[in-house]
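A.B. asks: One structure is given below, represented as structure tokens, and several questions about it will come after.
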Amino acid sequence: MLLERDEVSPGKPDNDGQTPLWGAAWNGHAGVVEMLLERDEVNPDKPGDHGQTPLWCASFNGQEGVVKLLLGRDDVNPDKPDNDGQTPLWCASFNGHEGVAKMLLERDDVNPDKPGDHGQTPLWCASFNGQVGVVKILLGRDDVNPNKPDNDGQTPLSCAAFNGHEGVVKILLEQDEVNPDKVDNYGQTPLWGSAFNGHEEVVKMLLKRPRVSPGQPDNDGRTPLWGAAWNGHMEVAKILLERDEVHAEVPDNDGRTPLWCAARNGHEALVKILLERDVGRPNLPPTEDRTLLWAAAWNGHLKVVDILLERDGVNPHQPE
């Protein structure tokens, strides 16, 4: 009814630059999209104020019917990025919309490895969010680099490992081009991230790779064991401690050992495990002059204090 009225402008945007077609595409109203596309006054590729076109919106939300309609137009750019450099394929990959990704990848004018402004490719995004199906689709392409890092130096494997996406990690490790021990700009490896976040199964997968160094510290001198100890991930710590290359007494650049971290944060069971291995000297302060006992007491971890006081070598009167 409205489109039959002469005073109605079918391509008029709102205050955010979003046209009626933009809104219909965002919400997946294929019938409305089809009607609007019949009007000469409607620009099917007009972006909103943030640079997001109707195709971008439909791709972001997995609206396959709308995507198909828009891709049937010669005046729609299927690879047009928004103001952050994120293309329709980037969005579909980020959100795991496999059907949309397949449609976009059928186009010769879509770059499957095009990064956004932060250097994150469609594969990076799918890996970050654990979108196994999209990862498989993208890895089936010869023009996708599975080892391409973002602006922070984090590869698809790095972000999948950091976030504990076991399925994606497994697939990426099967790729010959993928470096399983690649450090990012902070010196952190995939193993470092998975250990820090307590992803036990990912840690196990990575440690099976001969190229992975289990004791590799980051730029601050923090090893994977340090990260596991800081956050109290006992099972991960146990796995790492089984490796001869892991030296549990190694401190970070501030002199804090894994045992100090576990004591400071009140991880009682981990403190016991590290003490049983006679790791470190309980009275030895880090460079900031705070002992294990001081750190546990200051943070109110009474059970850790009791555990430490049972040690013969601990001096309860040693000042910080």
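Simple scheme: letters A, B, ... for chains in structure tokens order, numbers from 1 for residues in each chain, numbers from 1 for ligands in the order shown.
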As a PyMOL selection string, please: the residues near A:Ile307 (cut-off 10 Å, only C-alpha atoms, same-chain neighbours under 2 positions excluded).

C.D. replies: chain A and resi 263+268-269+271-272+275+293+302-305+309-311

A.B. asks: Excluding same-chain residues fewer than 2 positions from A:Arg209, what lies within 12 Å of it counting only C-alpha atoms, as a ChimeraX atom specification?

C.D. replies: /A:170,173-174,176,178-181,190-191,202-207,211-214

A.B. asks: Those selected residues, please, written with C-alpha atoms and delivered as an mmCIF file, in the first residue's frame.

C.D. replies:
```cif
data_model
loop_
_atom_site.group_PDB
_atom_site.id
_atom_site.type_symbol
_atom_site.label_atom_id
_atom_site.label_comp_id
_atom_site.auth_asym_id
_atom_site.auth_seq_id
_atom_site.Cartn_x
_atom_site.Cartn_y
_atom_site.Cartn_z
ATOM 1 C CA LYS A 170 42.314 -30.162 15.836
ATOM 2 C CA LEU A 173 46.833 -28.661 13.550
ATOM 3 C CA GLU A 174 46.220 -30.961 10.584
ATOM 4 C CA ASP A 176 51.007 -28.416 7.269
ATOM 5 C CA VAL A 178 50.199 -23.992 10.514
ATOM 6 C CA ASN A 179 52.965 -23.278 13.015
ATOM 7 C CA PRO A 180 51.735 -24.735 16.337
ATOM 8 C CA ASP A 181 54.268 -22.732 18.360
ATOM 9 C CA PRO A 190 48.903 -21.163 21.445
ATOM 10 C CA LEU A 191 50.038 -23.369 24.341
ATOM 11 C CA VAL A 202 43.788 -28.179 23.923
ATOM 12 C CA VAL A 203 46.954 -28.269 26.031
ATOM 13 C CA LYS A 204 47.162 -32.032 25.510
ATOM 14 C CA MET A 205 46.718 -31.675 21.745
ATOM 15 C CA LEU A 206 49.420 -29.042 21.468
ATOM 16 C CA LEU A 207 51.896 -30.943 23.619
ATOM 17 C CA ARG A 211 57.466 -28.333 17.458
ATOM 18 C CA VAL A 212 55.750 -27.038 20.608
ATOM 19 C CA SER A 213 57.998 -25.794 23.409
ATOM 20 C CA PRO A 214 56.169 -26.331 26.737
#
```

A.B. asks: May I ask for the distance between atom CA of A:Asp152 and atom CA of A:Gln188, given in Å to one decimal place?

C.D. replies: 10.5 Å

A.B. asks: My list of candidates is A:Leu37, A:Leu241, A:Cys159, A:Cys57. Which is closest to A:Pro78 when distances are computed with only C-alpha atoms?

C.D. replies: A:Cys57

A.B. asks: Give me, please, the distance in Å between atom CA of A:Asn185 and atom CA of A:Asn151, quoted to one decimal.

C.D. replies: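 Atom-to-atom, atom CA of A:Asn185 and atom CA of A:Asn151 are spaced 8.5 Å apart.
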
A.B. asks: With distances taken over only C-alpha atoms, which residue among A:Thr19, A:Asn27, A:Gln216, A:Asn147 lies nearest A:Gln175?

C.D. replies: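 The answer is A:Asn147, which sits nearest to A:Gln175.
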